[in-house]
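Containing compact mmCIF, C-alpha atoms: data.txt.
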```txt
# COMPACT_ATOMS: atom_id res chain seq x y z
CA MET A 1 -73.62 121.98 93.11
CA LYS A 2 -72.31 118.44 92.88
CA ASP A 3 -74.42 115.62 91.55
CA MET A 4 -74.90 112.73 94.01
CA ARG A 5 -73.33 110.36 91.46
CA GLU A 6 -70.05 112.28 91.70
CA ARG A 7 -69.66 111.54 95.41
CA GLY A 8 -66.31 109.97 96.16
CA GLN A 9 -65.03 110.57 92.65
CA VAL A 10 -62.07 112.63 93.85
CA THR A 11 -61.16 109.99 96.43
CA VAL A 12 -61.04 107.29 93.76
CA LEU A 13 -58.99 109.54 91.48
CA VAL A 14 -56.49 110.43 94.19
CA LEU A 15 -56.21 106.83 95.36
CA GLY A 16 -55.56 105.78 91.77
CA LEU A 17 -52.90 108.43 91.50
CA GLY A 18 -51.43 107.26 94.79
CA MET A 19 -51.20 103.68 93.56
CA LEU A 20 -49.56 104.88 90.37
CA ALA A 21 -47.06 106.91 92.38
CA PHE A 22 -46.33 103.89 94.58
CA ALA A 23 -45.78 101.71 91.50
CA VAL A 24 -43.42 104.25 89.93
CA SER A 25 -41.36 104.63 93.09
CA GLY A 26 -41.29 100.85 93.55
CA LEU A 27 -40.07 100.40 90.00
CA ALA A 28 -37.41 103.04 90.58
CA VAL A 29 -36.16 101.43 93.81
CA ASP A 30 -36.06 97.89 92.42
CA GLY A 31 -34.66 99.14 89.13
CA THR A 32 -31.86 100.88 91.00
CA ARG A 33 -31.05 97.71 92.93
CA ALA A 34 -30.88 95.74 89.67
CA PHE A 35 -28.77 98.45 88.03
CA LEU A 36 -26.28 98.47 90.91
CA PHE A 37 -25.98 94.69 90.93
CA ARG A 38 -25.54 94.55 87.16
CA ARG A 39 -22.72 97.06 87.46
CA THR A 40 -21.02 94.87 90.09
CA LEU A 41 -21.45 91.78 87.94
CA GLN A 42 -20.08 93.51 84.83
CA SER A 43 -17.03 94.71 86.72
CA ALA A 44 -16.33 91.18 87.98
CA ALA A 45 -16.78 89.66 84.51
CA ASP A 46 -14.48 92.24 82.90
CA ALA A 47 -11.72 91.73 85.46
CA ALA A 48 -11.95 87.93 85.21
CA ALA A 49 -11.86 87.93 81.40
CA ILE A 50 -8.82 90.22 81.39
CA ALA A 51 -7.09 88.05 84.02
CA GLY A 52 -7.69 84.98 81.85
CA THR A 53 -6.19 86.54 78.74
CA SER A 54 -2.85 86.97 80.51
CA GLU A 55 -2.32 83.22 80.23
CA LEU A 56 -0.51 83.07 76.91
CA ASP A 57 0.95 79.94 75.39
CA ARG A 58 4.47 80.98 76.33
CA SER A 59 6.40 78.57 74.12
CA LEU A 60 4.45 79.82 71.10
CA TYR A 61 4.79 83.43 72.17
CA TYR A 62 8.54 83.36 72.78
CA GLY A 63 9.13 80.97 69.86
CA SER A 64 7.57 83.47 67.48
CA GLY A 65 9.49 86.39 68.90
CA GLY A 66 6.32 87.84 70.45
CA ARG A 67 4.35 87.89 67.21
CA VAL A 68 1.88 85.08 67.95
CA ARG A 69 -0.35 85.65 70.95
CA SER A 70 -2.32 82.51 71.56
CA LEU A 71 -3.92 81.46 74.82
CA ASP A 72 -3.09 78.41 76.85
CA ALA A 73 -6.75 77.39 77.07
CA GLU A 74 -6.57 75.37 80.28
CA SER A 75 -4.56 77.97 82.21
CA ALA A 76 -6.78 80.76 80.88
CA ARG A 77 -9.96 78.98 81.98
CA SER A 78 -8.50 78.22 85.38
CA ALA A 79 -7.31 81.84 85.90
CA THR A 80 -10.68 83.23 84.82
CA TYR A 81 -12.59 81.07 87.29
CA ARG A 82 -10.06 81.92 89.99
CA TRP A 83 -10.65 85.66 89.47
CA ILE A 84 -14.41 85.20 89.51
CA ALA A 85 -14.07 83.39 92.83
CA LEU A 86 -11.77 86.11 94.20
CA ARG A 87 -14.50 88.69 93.64
CA GLY A 88 -16.75 86.65 95.90
CA ILE A 89 -20.13 87.31 94.31
CA GLY A 90 -21.34 83.74 93.96
CA SER A 91 -23.30 84.23 90.73
CA ARG A 92 -23.55 81.63 87.98
CA ALA A 93 -20.64 81.96 85.59
CA GLN A 94 -19.87 80.36 82.28
CA VAL A 95 -16.40 80.68 80.80
CA THR A 96 -15.62 79.88 77.17
CA VAL A 97 -12.00 79.94 76.06
CA SER A 98 -10.56 79.71 72.57
CA SER A 99 -7.00 80.37 71.47
CA GLN A 100 -7.86 84.02 70.81
CA GLN A 101 -10.61 84.86 73.23
CA VAL A 102 -11.96 84.52 76.74
CA ARG A 103 -15.70 84.97 77.07
CA VAL A 104 -17.37 85.25 80.45
CA VAL A 105 -21.13 85.18 80.92
CA MET A 106 -22.48 85.78 84.41
CA ARG A 107 -26.10 85.56 85.48
CA ASP A 108 -28.00 86.10 88.68
CA GLU A 109 -31.32 87.30 90.01
CA VAL A 110 -31.92 90.36 92.15
CA PRO A 111 -34.76 89.92 94.66
CA THR A 112 -37.30 92.74 94.52
CA MET A 113 -38.77 94.77 97.36
CA PHE A 114 -41.77 96.55 95.85
CA LEU A 115 -42.36 94.64 92.63
CA GLY A 116 -42.92 91.53 94.75
CA LEU A 117 -46.34 93.00 95.54
CA VAL A 118 -47.36 92.58 91.91
CA GLY A 119 -45.89 89.13 91.54
CA VAL A 120 -42.40 89.98 90.31
CA GLY A 121 -40.18 88.29 92.86
CA SER A 122 -36.85 88.91 91.19
CA ILE A 123 -35.20 90.65 88.26
CA PRO A 124 -32.84 88.54 86.13
CA VAL A 125 -29.48 90.16 85.48
CA GLY A 126 -26.95 88.95 82.93
CA VAL A 127 -23.65 90.32 81.69
CA GLU A 128 -21.04 89.32 79.15
CA ALA A 129 -17.36 90.18 78.90
CA VAL A 130 -15.04 89.29 76.06
CA ALA A 131 -11.27 89.81 76.14
CA GLU A 132 -8.46 88.99 73.76
CA PRO A 133 -4.88 87.97 74.57
CA ARG A 134 -2.43 90.65 75.47
CA ALA A 135 1.21 90.74 76.40
CA GLY A 136 1.77 94.13 77.92
CA MET B 1 -73.43 115.95 102.71
CA ASN B 2 -71.25 119.02 102.42
CA GLN B 3 -68.41 118.35 99.99
CA ARG B 4 -67.07 121.86 99.83
CA GLY B 5 -63.29 121.92 99.80
CA GLN B 6 -63.01 118.15 99.83
CA ALA B 7 -61.00 118.00 96.61
CA LEU B 8 -58.61 120.66 97.81
CA THR B 9 -58.11 118.94 101.17
CA GLU B 10 -57.55 115.55 99.57
CA THR B 11 -55.16 116.94 97.03
CA ILE B 12 -53.12 118.75 99.67
CA LEU B 13 -53.06 115.83 102.11
CA LEU B 14 -52.36 113.09 99.60
CA GLY B 15 -50.04 115.34 97.66
CA LEU B 16 -47.96 115.82 100.79
CA VAL B 17 -48.17 112.16 101.75
CA LEU B 18 -47.49 110.72 98.29
CA LEU B 19 -46.00 113.17 95.87
CA VAL B 20 -43.41 114.80 98.12
CA PRO B 21 -41.91 111.45 99.24
CA LEU B 22 -42.05 110.23 95.64
CA ILE B 23 -40.12 113.19 94.31
CA TRP B 24 -37.70 112.97 97.23
CA THR B 25 -37.18 109.23 96.57
CA LEU B 26 -36.50 109.80 92.90
CA GLY B 27 -34.02 112.55 93.77
CA VAL B 28 -32.11 110.28 96.15
CA LEU B 29 -32.15 107.42 93.63
CA ALA B 30 -30.77 109.72 90.94
CA ASP B 31 -27.97 110.67 93.32
CA ILE B 32 -27.30 106.99 94.05
CA HIS B 33 -27.05 106.29 90.30
CA ARG B 34 -24.62 109.16 89.83
CA THR B 35 -22.51 108.02 92.78
CA ALA B 36 -22.56 104.42 91.54
CA LEU B 37 -21.19 105.48 88.18
CA ALA B 38 -18.55 107.60 89.90
CA VAL B 39 -17.30 104.90 92.29
CA THR B 40 -17.29 102.29 89.50
CA SER B 41 -15.21 104.59 87.36
CA ALA B 42 -12.93 105.39 90.31
CA ALA B 43 -12.35 101.72 91.19
CA HIS B 44 -11.69 100.85 87.54
CA ASP B 45 -9.25 103.72 86.94
CA ALA B 46 -7.49 103.10 90.25
CA SER B 47 -7.03 99.40 89.53
CA VAL B 48 -5.56 100.07 86.09
CA ALA B 49 -3.20 102.70 87.47
CA ALA B 50 -2.12 100.60 90.45
CA ALA B 51 -1.53 97.47 88.38
CA ALA B 52 0.86 99.41 86.14
CA ALA B 53 2.82 100.92 89.06
CA SER B 54 6.42 99.95 89.76
CA ASP B 55 6.01 99.23 93.48
CA PRO B 56 3.33 99.18 96.21
CA ILE B 57 4.05 102.74 97.35
CA ALA B 58 3.65 104.06 93.82
CA ALA B 59 0.52 101.91 93.47
CA ARG B 60 -1.11 103.48 96.53
CA SER B 61 -0.27 106.92 95.29
CA ALA B 62 -1.69 106.06 91.86
CA ILE B 63 -4.90 104.80 93.52
CA ASP B 64 -5.38 108.04 95.45
CA ASP B 65 -4.77 110.14 92.34
CA ALA B 66 -7.10 108.07 90.17
CA VAL B 67 -9.93 108.08 92.74
CA GLU B 68 -9.63 111.83 93.23
CA ARG B 69 -9.72 112.48 89.48
CA ALA B 70 -12.66 110.15 88.88
CA LEU B 71 -14.81 111.54 91.70
CA ASP B 72 -13.90 115.08 90.83
CA SER B 73 -14.98 114.54 87.23
CA HIS B 74 -18.39 113.39 88.53
CA ARG B 75 -18.61 116.50 90.73
CA LEU B 76 -18.30 114.51 93.94
CA ASP B 77 -16.11 115.53 96.83
CA PRO B 78 -13.14 113.10 96.95
CA ARG B 79 -12.59 113.91 100.64
CA VAL B 80 -15.73 112.00 101.66
CA ALA B 81 -14.63 108.83 99.86
CA ARG B 82 -13.22 105.86 101.72
CA VAL B 83 -10.70 103.93 99.72
CA SER B 84 -9.22 100.61 100.75
CA SER B 85 -6.85 98.42 98.83
CA ASP B 86 -5.28 95.04 99.16
CA ILE B 87 -1.97 94.95 97.35
CA ASP B 88 0.67 92.25 97.28
CA PRO B 89 3.61 93.52 99.41
CA ARG B 90 5.93 93.17 96.44
CA LEU B 91 3.32 93.83 93.73
CA ARG B 92 4.33 90.60 92.04
CA ARG B 93 3.26 89.94 88.49
CA GLY B 94 0.11 87.83 88.38
CA SER B 95 -0.89 88.70 91.95
CA ALA B 96 -4.35 89.95 92.87
CA LEU B 97 -4.94 93.61 93.51
CA ALA B 98 -8.22 94.57 95.19
CA ILE B 99 -9.59 98.08 95.45
CA GLU B 100 -12.77 99.24 97.14
CA VAL B 101 -14.17 102.75 96.86
CA ARG B 102 -17.08 103.85 99.06
CA VAL B 103 -18.92 107.16 98.93
CA PRO B 104 -21.89 108.18 101.11
CA VAL B 105 -25.13 109.48 99.60
CA THR B 106 -27.00 111.66 102.06
CA VAL B 107 -30.64 110.65 102.32
CA LEU B 108 -31.87 114.04 103.52
CA GLN B 109 -31.65 116.49 100.67
CA ALA B 110 -33.42 119.81 100.31
CA PRO B 111 -34.38 121.53 97.08
CA LEU B 112 -31.87 124.20 96.04
CA ILE B 113 -29.74 123.46 99.12
CA GLY B 114 -28.72 119.92 98.30
CA ARG B 115 -27.30 117.56 100.89
CA VAL B 116 -28.27 118.08 104.50
CA SER B 117 -26.59 116.21 107.32
CA GLY B 118 -28.23 112.98 108.39
CA PRO B 119 -28.22 109.28 107.54
CA SER B 120 -26.36 108.13 104.47
CA ILE B 121 -26.47 105.24 102.07
CA TRP B 122 -22.99 104.02 101.25
CA VAL B 123 -22.48 103.24 97.58
CA GLU B 124 -19.46 101.08 96.91
CA ALA B 125 -17.54 99.57 94.06
CA ARG B 126 -14.99 96.81 94.42
CA ARG B 127 -12.63 95.64 91.73
CA VAL B 128 -10.16 92.78 91.87
CA VAL B 129 -7.65 92.77 89.04
CA ARG B 130 -4.57 90.83 88.17
CA VAL B 131 -1.20 92.54 88.03
CA PRO B 132 -0.12 92.04 84.40
CA LEU B 133 2.23 89.13 83.76
CA TYR B 134 3.95 90.94 80.92
CA GLY B 135 4.83 94.47 79.88
CA SER B 136 6.78 97.30 81.41
CA ARG B 137 5.74 98.98 84.64
CA GLY B 138 6.31 102.29 86.32
```

Could you render the structure as structure tokens?
Amino acid sequence: MKDMRERGQVTVLVLGLGMLAFAVSGLAVDGTRAFLFRRTLQSAADAAAIAGTSELDRSLYYGSGGRVRSLDAESARSATYRWIALRGIGSRAQVTVSSQQVRVVMRDEVPTMFLGLVGVGSIPVGVEAVAEPRAG
Amino acid sequence: MNQRGQALTETILLGLVLLVPLIWTLGVLADIHRTALAVTSAAHDASVAAAAASDPIAARSAIDDAVERALDSHRLDPRVARVSSDIDPRLRRGSALAIEVRVPVTVLQAPLIGRVSGPSIWVEARRVVRVPLYGSRG
């Protein structure tokens, strides 16, 4: 025989479980969206960094018989930004070029669907790609 | 107030309403993750292979081979994939080479049976690479 004080206890328990289930599925859906976008961003950053490192300082390269691989910084920066634009994502990008390295950092925010209900409007996503000069 | 069977009824009803869709959602999301990894890998491998090809015909062939291998290694059927590419007609050095791989993930899936026909979510990966300025090709 149930005590009167236990009335509705199951309902509260099941509702609590339901809210937990909703939160877990919401986290999974929004997490998946963030994961997919991060993957896209990483792919774009990788391709842009590699494109930038093709811009060797040719006079130095040929003058050294192919031994010295140093980047033409201005051409490398320009090529990297061009390849980021070609991908057409529109995220914030920062390109840092030295004679031996192209570094691309891209950041953006993925709007949430479910987590918005608990005050999380977006998930920040950031990626980094670093590439070194190559000649073949 | 008669509360006999209330817990059982609530558990069955809410279990069906909440837990079944939750498990189904997680299953579909897991499949989306797997497909995302597969198409990313396929687009990457295809772009590397195509950029090293000697001409556009060889590049298209290399793309098809690379996509098939990548999807196959993730246990996905390559025949359902849609592959599109944008290749310079002469595959000039320094030109842009774009590849897009799309694979559908069926939303309706049944335990032990797997994918059932019905609506699909298309998972895609796009990669734009530069044909190398230096090095041998072919």

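Distances to Arg67 of chain A were evaluated for A:Gly116, A:Pro133, A:Gly126, A:Gly90 using all atoms listed in the file, and the minimum falls at A:Pro133.
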
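Reported to one decimal place, the separation of atom CA of Val39 of chain B from atom CA of Pro111 of chain A is 23.1 Å.
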
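The shortest atom-to-atom distance to chain A, with only C-alpha atoms taken into account, belongs to B:Arg93 out of B:Arg93, B:Ser84, B:Asp64, B:Val105.
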
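Taking atom CA of Ala52 of chain B as the reference point, atom CA of Leu133 of chain B is found at 10.6 Å.
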
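Residues of chain A having any atom within 8 Å of chain B, counting all atoms listed in the file, are Val10, Thr11, Val14, Gly18, Ala21, Phe22, Ser25, Ala28, Val29, Thr32, Leu36, Arg39, Thr40, Ser43, Ala44, Ala47, Ala48, Ala51, Ser54, Trp83, Leu86, Arg87, Ala135 and Gly136 of chain A.
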
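Counting from atom CA of Ala59 of chain B, the distance to atom CA of Val83 of chain B is 13.0 Å.
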
message = Just checking: using only C-alpha atoms, which residue out of B:Leu13, B:Ile121, B:Arg60, B:Leu71 ends up closest to Asp86 of chain B?
response = B:Arg60

key: Within 7 Å of Leu56 of chain A using all atoms listed in the file, minus same-chain residues under 4 positions, as a ChimeraX atom specification   = /A:69-72,133

ask   = Residues at most 6 Å from Asp30 of chain A, counting all atoms listed in the file, excluding those fewer than 3 positions away in the same chain, as a PyMOL selection string?
value = chain A and resi 27+33+112

Can you write out the residues you just picked, keeping C-alpha atoms, as a tab-separated table (two decimals), keeping the file's coordinate frame?
```tsv
chain	number	residue	atom	x	y	z
A	27	LEU	CA	-40.07	100.40	90.00
A	33	ARG	CA	-31.05	97.71	92.93
A	112	THR	CA	-37.30	92.74	94.52
```

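When only C-alpha atoms are used to measure the gap to Leu97 of chain B, the shortest distance among B:Thr35, B:Pro119, B:Gly5, B:Ala51 belongs to B:Ala51.
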
ask   = Counting all atoms listed in the file, which of B:Ser41, B:Arg34, B:Leu16, B:Ala58 gets nearest to Pro89 of chain B?
value = B:Ala58

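When all atoms listed in the file are used to measure the gap to Ala85 of chain A, the shortest distance among A:Leu13, A:Ile50, A:Val105, A:Ala45 belongs to A:Ala45.
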